[in-house]
Amino acid sequence: MHDVTSKTHWHEPTAGKRAGFGQWGRVKTPYDEFMESEGIPCFRDIGISKVQNLPLVPWKRTGGRGSYIQLHGTETKWGGYVVEVPGAGALNPEKHLFEKIYYVVEGRGSTEVWIEGDKKKHIFEWQEGSIFSIPMNAWHRIVNASSAPALLLAGTTAPIVMNTLQSVDAVFNCPMVFRDRFSGGDDYYKYKDDIEPDPVRGLAMRRTNFVPDVVNCELPLDNRRSPGYRRVEPFMTNNTFYFWIGQHETGRYSKAHAHTSAAVLICVKGKGYTHTWPEHLGVTPWKDGHEDKIKRVDYEPVGIVSAAPGGARWYHQHFGVSKDPLRLMAWFGPWNPGREPGPPGSKHFDYTGMDIHEGGTNIPYWMEDPQVKADFEAALDANGVTNRMRSEYYDKDYKGELPQE
Ligand SMILES: [Fe+2]
């Protein structure tokens with residue numbers, strides 16, 4: 001309480017009222033301000049059918065052209081952008097105190113990587129469909145091997161680091177050398193296709209800093225999302241940035257499941273669409289009159305869509321409608337399993353891979369809204385693709401065992 005009447009002063013609430021504004025527009029974070037200062041646009045939406053359609057604007061710091069990407073629900077969790085490397089040219093060398101992975105949308109070239117003080121540069125080659133990771137704070141230079149431009153899609157942990165340090169200079173000019181992240185060994189960027197269980201959920205994982213061909217690489221059977229679903233988690237440069245590569249068989253679709261935001265699906269093969277809706281609307285949102293709140297993004301390579309664009313838990317469900325199987329990546333930033341709340345050793349379970357009646361969030365096919373199947377069948381018909389969803393998948397006692405061919 002005081003006797004100054006200016007509106008800029010804080011006032012104790014009067015009886016029965018609560019303190020504070022009650023509502024406001026979210027303030028810009030240091031990372032939002034950094035993106036603005038770069039002079040290129042930032043694409044903010046639920047998704048886009050292909051990132052090749054994003055505007056490419058001259059980007060002085062990198063020496064290429066690009067757009068930032070911040071899909072709804074991913075704000076403050078992780079960042080992304082597309083960057084075009086000029087034909088027969090290169091991006092400016094850089095290092096930074098955040099993790100970065102690059103997926104090659106178009107083109108071919110090479111990357112030079114070195115740590116401050118290293119005499120030798122490590123060089124490896126990439127092409128369309130390759131993915132690789134830059135070790136934390138290592139110098140790197142992206143070189144285009146062809147006369148045509150190359151287009152790369154990046155995912156980074158920059159928002160977390162910038163929002164914490166609140167200093168662009170500290171992020172791009174830190175002398176710290178992470179030798180534990182970059183051995184400099186000759187095989188550092190050699191593709192390793194051995195499979196091991198990931199240490200948290202026991203799902204298939206490959207320790208490799210480079211995957212030459214995400215579009216066609218072999219994927220082990222997973223079976224958690226649809227009959228015959230295949231999936232692998234590449235573990236790169238000791239990153240916290242988590243991602244996987246998965247594939248649904250032609251003519252089959254993913255069960256819906258719900259979790260909070262972070263994941264962005266990236267279509268790399270086939271074409272299809274994703275439905276997403278808030279979990280509180282229930283498992284049959286069409287039937288219950290919530291169709292207007294269901295979001296849908298149609299995509300082809302390289303399309304992107306936020307799995308939970310509203311932040312809280314949203315259901316999402318993916319449908320391939322092409323003769324090619326639907327191959328997706330999902331990028332999460334550091335929001336990976338194993339970093340859930342709770343003390344170490346507390347009990348967690350694979351709730352996004354278990355059906356609702358098992359305590360998970362998967363909607364089994366028999367429980368889903370009839371509109372899901374109807375839309376899928378119509379889309380397959382329109383594309384001349386055979387429906388391979390067998391009638392027993394919709395039986396209540398179907399256990400998700402391997403499909404009978
Ligand atoms: Fe998901």
# chains A, B, ... in the order shown; residues from 1 in each chain; ligands from 1
$ closest_atom_pairs --of "chain A" --to "ligand 1" --cutoff "7 Å" --atoms "only C-alpha atoms and all ligand atoms" --output "JSON lines"
{"residue": "A:His257", "atom": "CA", "partner": "ligand 1", "partner_atom_place_in_ligand_line": "1 (Fe)", "distance": 6.2}
{"residue": "A:Ala258", "atom": "CA", "partner": "ligand 1", "partner_atom_place_in_ligand_line": "1 (Fe)", "distance": 6.3}
{"residue": "A:His259", "atom": "CA", "partner": "ligand 1", "partner_atom_place_in_ligand_line": "1 (Fe)", "distance": 6.3}
{"residue": "A:Ala263", "atom": "CA", "partner": "ligand 1", "partner_atom_place_in_ligand_line": "1 (Fe)", "distance": 6.6}
{"residue": "A:Ala307", "atom": "CA", "partner": "ligand 1", "partner_atom_place_in_ligand_line": "1 (Fe)", "distance": 6.0}
{"residue": "A:His316", "atom": "CA", "partner": "ligand 1", "partner_atom_place_in_ligand_line": "1 (Fe)", "distance": 6.4}
{"residue": "A:Thr352", "atom": "CA", "partner": "ligand 1", "partner_atom_place_in_ligand_line": "1 (Fe)", "distance": 6.9}
$ residues_around --residues "Cys42 (chain A)" --least-positions-apart "4" --cutoff "12 Å" --atoms "only C-alpha atoms" --output "PyMOL selection string"
chain A and resi 31-38+54-57+66-72+75+79-82
$ select_by_dssp --residues "region 119-215 of chain A" --states "strand (DSSP E)" --output "VMD selection string"
chain A and resid 122 to 126 131 to 134 139 to 144 150 to 156 196 to 197 204 to 207 210 to 211
$ write_last_selection --atoms "C-alpha atoms" --output "PDB file, in the first residue's frame"
ATOM      1  CA  HIS A 122      38.220 -33.775 -39.801  1.00  0.00           C
ATOM      2  CA  ILE A 123      36.346 -33.949 -43.140  1.00  0.00           C
ATOM      3  CA  PHE A 124      33.402 -36.136 -44.135  1.00  0.00           C
ATOM      4  CA  GLU A 125      31.020 -36.129 -47.090  1.00  0.00           C
ATOM      5  CA  TRP A 126      27.228 -36.011 -47.106  1.00  0.00           C
ATOM      6  CA  ILE A 131      22.144 -36.638 -41.015  1.00  0.00           C
ATOM      7  CA  PHE A 132      25.090 -35.628 -38.854  1.00  0.00           C
ATOM      8  CA  SER A 133      25.835 -33.877 -35.590  1.00  0.00           C
ATOM      9  CA  ILE A 134      28.317 -31.135 -34.763  1.00  0.00           C
ATOM     10  CA  TRP A 139      34.514 -25.423 -35.150  1.00  0.00           C
ATOM     11  CA  HIS A 140      32.795 -26.515 -38.353  1.00  0.00           C
ATOM     12  CA  ARG A 141      32.435 -25.396 -41.951  1.00  0.00           C
ATOM     13  CA  ILE A 142      29.773 -26.649 -44.383  1.00  0.00           C
ATOM     14  CA  VAL A 143      31.040 -26.900 -47.966  1.00  0.00           C
ATOM     15  CA  ASN A 144      28.858 -27.413 -51.037  1.00  0.00           C
ATOM     16  CA  ALA A 150      22.317 -27.335 -50.982  1.00  0.00           C
ATOM     17  CA  LEU A 151      19.556 -27.087 -48.371  1.00  0.00           C
ATOM     18  CA  LEU A 152      20.061 -28.235 -44.770  1.00  0.00           C
ATOM     19  CA  LEU A 153      17.570 -28.516 -41.913  1.00  0.00           C
ATOM     20  CA  ALA A 154      19.070 -27.910 -38.465  1.00  0.00           C
ATOM     21  CA  GLY A 155      17.902 -28.728 -34.953  1.00  0.00           C
ATOM     22  CA  THR A 156      19.672 -27.107 -31.986  1.00  0.00           C
ATOM     23  CA  GLU A 196      21.992 -51.914 -28.900  1.00  0.00           C
ATOM     24  CA  PRO A 197      19.181 -51.210 -26.414  1.00  0.00           C
ATOM     25  CA  ALA A 204      16.829 -49.977 -30.606  1.00  0.00           C
ATOM     26  CA  MET A 205      19.706 -47.475 -30.667  1.00  0.00           C
ATOM     27  CA  ARG A 206      22.725 -46.895 -32.913  1.00  0.00           C
ATOM     28  CA  ARG A 207      25.795 -45.058 -31.615  1.00  0.00           C
ATOM     29  CA  PHE A 210      26.601 -39.805 -39.024  1.00  0.00           C
ATOM     30  CA  VAL A 211      23.855 -41.610 -40.951  1.00  0.00           C
TER      31      VAL A 211
END
$ select_by_dssp --residues "region 88-331 of chain A" --states "alpha helix (DSSP H)" --output "PyMOL selection string"
chain A and resi 158-165+168-172
$ atom_distance --atom1 "CA of Arg179 (chain A)" --atom2 "CA of Phe235 (chain A)"
17.4 Å
$ closest_residue --among "A:Arg231, A:Arg390, A:Arg181, A:Lys95" --to "Ala158 (chain A)" --atoms "only C-alpha atoms"
A:Lys95
$ residues_around --residues "Tyr398 (chain A)" --least-positions-apart "3" --cutoff "10 Å" --atoms "only C-alpha atoms" --output "NGL selection string"
:A and (364-366 or 391-395 or 401)
$ closest_residue --among "A:Asn92, A:Gln23, A:Asn163, A:Gln247" --to "Tyr229 (chain A)" --atoms "only C-alpha atoms"
A:Gln247
$ residues_around --residues "region 377-388 of chain A" --least-positions-apart "2" --cutoff "7 Å" --atoms "only C-alpha atoms" --output "ChimeraX atom specification"
/A:251-252,321-323,373-375,390
$ write_last_selection --atoms "N, CA, C and O atoms" --output "mmCIF file, in the first residue's frame"
data_model
loop_
_atom_site.group_PDB
_atom_site.id
_atom_site.type_symbol
_atom_site.label_atom_id
_atom_site.label_comp_id
_atom_site.auth_asym_id
_atom_site.auth_seq_id
_atom_site.Cartn_x
_atom_site.Cartn_y
_atom_site.Cartn_z
ATOM 1 N N GLY A 251 0.062 -48.659 -46.417
ATOM 2 C CA GLY A 251 -1.333 -49.064 -46.215
ATOM 3 C C GLY A 251 -1.709 -49.304 -44.760
ATOM 4 O O GLY A 251 -2.767 -49.826 -44.464
ATOM 5 N N ARG A 252 -0.808 -48.911 -43.827
ATOM 6 C CA ARG A 252 -1.123 -49.024 -42.390
ATOM 7 C C ARG A 252 -0.855 -47.685 -41.726
ATOM 8 O O ARG A 252 -0.050 -46.893 -42.222
ATOM 9 N N VAL A 321 -0.026 -42.299 -47.043
ATOM 10 C CA VAL A 321 -1.037 -42.523 -48.082
ATOM 11 C C VAL A 321 -0.377 -42.738 -49.443
ATOM 12 O O VAL A 321 -1.027 -42.577 -50.470
ATOM 13 N N SER A 322 0.904 -43.094 -49.446
ATOM 14 C CA SER A 322 1.612 -43.292 -50.716
ATOM 15 C C SER A 322 1.982 -44.767 -50.885
ATOM 16 O O SER A 322 1.913 -45.547 -49.930
ATOM 17 N N LYS A 323 2.383 -45.108 -52.094
ATOM 18 C CA LYS A 323 2.799 -46.496 -52.356
ATOM 19 C C LYS A 323 4.104 -46.796 -51.619
ATOM 20 O O LYS A 323 4.376 -47.929 -51.258
ATOM 21 N N LYS A 373 -10.629 -44.001 -39.482
ATOM 22 C CA LYS A 373 -10.551 -45.063 -40.493
ATOM 23 C C LYS A 373 -11.160 -44.589 -41.820
ATOM 24 O O LYS A 373 -10.604 -44.830 -42.894
ATOM 25 N N ALA A 374 -12.274 -43.867 -41.722
ATOM 26 C CA ALA A 374 -12.964 -43.400 -42.937
ATOM 27 C C ALA A 374 -12.067 -42.435 -43.722
ATOM 28 O O ALA A 374 -11.934 -42.537 -44.947
ATOM 29 N N ASP A 375 -11.419 -41.505 -43.017
ATOM 30 C CA ASP A 375 -10.516 -40.545 -43.685
ATOM 31 C C ASP A 375 -9.341 -41.268 -44.332
ATOM 32 O O ASP A 375 -8.923 -40.933 -45.446
ATOM 33 N N ARG A 390 -5.734 -54.841 -41.386
ATOM 34 C CA ARG A 390 -6.558 -56.058 -41.339
ATOM 35 C C ARG A 390 -7.671 -55.878 -40.314
ATOM 36 O O ARG A 390 -7.519 -55.152 -39.323
#
$ closest_residue --among "A:Ala88, A:Ile356, A:Met329, A:Val177" --to "Arg230 (chain A)" --atoms "only C-alpha atoms"
A:Met329
$ closest_residue --among "A:Thr208, A:Ser110, A:Gln166, A:Pro175" --to "Tyr191 (chain A)" --atoms "only C-alpha atoms"
A:Thr208
$ decode --residues "region 95-107 of chain A" --atoms "all heavy atoms" --output "compact mmCIF listing (two decimals), in the first residue's frame"
# COMPACT_ATOMS: atom_id res chain seq x y z
N LYS A 95 31.51 -21.87 -34.35
CA LYS A 95 31.42 -22.80 -33.21
C LYS A 95 30.42 -22.19 -32.26
O LYS A 95 30.19 -20.96 -32.28
CB LYS A 95 32.78 -23.00 -32.55
CG LYS A 95 33.34 -21.74 -31.92
CD LYS A 95 34.53 -22.03 -31.01
CE LYS A 95 34.96 -20.75 -30.30
NZ LYS A 95 35.91 -20.96 -29.24
N HIS A 96 29.80 -23.01 -31.44
CA HIS A 96 28.79 -22.50 -30.51
C HIS A 96 28.55 -23.48 -29.39
O HIS A 96 28.74 -24.68 -29.54
CB HIS A 96 27.49 -22.17 -31.25
CG HIS A 96 27.11 -23.19 -32.28
ND1 HIS A 96 26.79 -24.48 -31.96
CD2 HIS A 96 27.03 -23.11 -33.64
CE1 HIS A 96 26.50 -25.14 -33.08
NE2 HIS A 96 26.66 -24.34 -34.11
N LEU A 97 28.09 -22.89 -28.31
CA LEU A 97 27.91 -23.64 -27.07
C LEU A 97 26.54 -24.32 -27.02
O LEU A 97 25.87 -24.31 -26.01
CB LEU A 97 28.06 -22.67 -25.89
CG LEU A 97 28.58 -23.19 -24.57
CD1 LEU A 97 29.89 -23.95 -24.73
CD2 LEU A 97 28.76 -22.02 -23.60
N PHE A 98 26.10 -24.84 -28.16
CA PHE A 98 24.87 -25.64 -28.17
C PHE A 98 25.04 -26.80 -29.13
O PHE A 98 25.92 -26.77 -30.00
CB PHE A 98 23.63 -24.79 -28.51
CG PHE A 98 23.73 -23.97 -29.77
CD1 PHE A 98 23.49 -24.54 -31.02
CD2 PHE A 98 24.01 -22.61 -29.72
CE1 PHE A 98 23.55 -23.78 -32.18
CE2 PHE A 98 24.09 -21.83 -30.87
CZ PHE A 98 23.85 -22.42 -32.10
N GLU A 99 24.22 -27.81 -28.94
CA GLU A 99 24.25 -28.98 -29.82
C GLU A 99 23.54 -28.66 -31.13
O GLU A 99 22.60 -27.85 -31.16
CB GLU A 99 23.56 -30.16 -29.13
CG GLU A 99 24.25 -30.60 -27.85
CD GLU A 99 23.46 -31.64 -27.07
OE1 GLU A 99 22.30 -31.95 -27.47
OE2 GLU A 99 23.98 -32.15 -26.08
N LYS A 100 23.97 -29.34 -32.19
CA LYS A 100 23.31 -29.11 -33.49
C LYS A 100 23.33 -30.39 -34.31
O LYS A 100 24.37 -31.05 -34.40
CB LYS A 100 24.02 -27.99 -34.23
CG LYS A 100 23.43 -27.70 -35.63
CD LYS A 100 23.88 -26.34 -36.13
CE LYS A 100 25.31 -26.32 -36.58
NZ LYS A 100 25.74 -24.97 -36.99
N ILE A 101 22.20 -30.73 -34.90
CA ILE A 101 22.17 -31.80 -35.90
C ILE A 101 21.69 -31.20 -37.22
O ILE A 101 20.90 -30.24 -37.23
CB ILE A 101 21.27 -33.00 -35.49
CG1 ILE A 101 19.82 -32.58 -35.26
CG2 ILE A 101 21.82 -33.68 -34.24
CD1 ILE A 101 18.88 -33.77 -35.02
N TYR A 102 22.21 -31.75 -38.31
CA TYR A 102 21.86 -31.28 -39.65
C TYR A 102 21.30 -32.43 -40.46
O TYR A 102 21.92 -33.50 -40.55
CB TYR A 102 23.10 -30.78 -40.39
CG TYR A 102 23.41 -29.31 -40.28
CD1 TYR A 102 24.70 -28.89 -39.98
CD2 TYR A 102 22.44 -28.34 -40.53
CE1 TYR A 102 25.01 -27.53 -39.91
CE2 TYR A 102 22.76 -26.99 -40.45
CZ TYR A 102 24.03 -26.60 -40.15
OH TYR A 102 24.34 -25.26 -40.09
N TYR A 103 20.13 -32.24 -41.09
CA TYR A 103 19.60 -33.19 -42.06
C TYR A 103 19.70 -32.54 -43.44
O TYR A 103 19.31 -31.38 -43.62
CB TYR A 103 18.13 -33.52 -41.75
CG TYR A 103 17.53 -34.47 -42.76
CD1 TYR A 103 17.92 -35.81 -42.80
CD2 TYR A 103 16.60 -34.04 -43.70
CE1 TYR A 103 17.41 -36.69 -43.74
CE2 TYR A 103 16.07 -34.91 -44.65
CZ TYR A 103 16.48 -36.23 -44.65
OH TYR A 103 15.97 -37.09 -45.59
N VAL A 104 20.22 -33.30 -44.40
CA VAL A 104 20.43 -32.74 -45.74
C VAL A 104 19.15 -32.92 -46.56
O VAL A 104 18.79 -34.04 -46.94
CB VAL A 104 21.63 -33.41 -46.44
CG1 VAL A 104 21.85 -32.75 -47.81
CG2 VAL A 104 22.88 -33.31 -45.58
N VAL A 105 18.48 -31.82 -46.82
CA VAL A 105 17.22 -31.83 -47.59
C VAL A 105 17.52 -31.98 -49.08
O VAL A 105 16.87 -32.75 -49.79
CB VAL A 105 16.41 -30.54 -47.33
CG1 VAL A 105 15.14 -30.50 -48.15
CG2 VAL A 105 16.10 -30.40 -45.84
N GLU A 106 18.51 -31.24 -49.55
CA GLU A 106 18.90 -31.26 -50.97
C GLU A 106 20.39 -31.01 -51.08
O GLU A 106 20.95 -30.22 -50.31
CB GLU A 106 18.20 -30.13 -51.74
CG GLU A 106 16.73 -30.32 -51.97
CD GLU A 106 16.05 -29.06 -52.54
OE1 GLU A 106 16.72 -28.04 -52.74
OE2 GLU A 106 14.83 -29.12 -52.73
N GLY A 107 21.01 -31.66 -52.04
CA GLY A 107 22.40 -31.35 -52.37
C GLY A 107 23.40 -32.33 -51.81
O GLY A 107 23.04 -33.33 -51.17
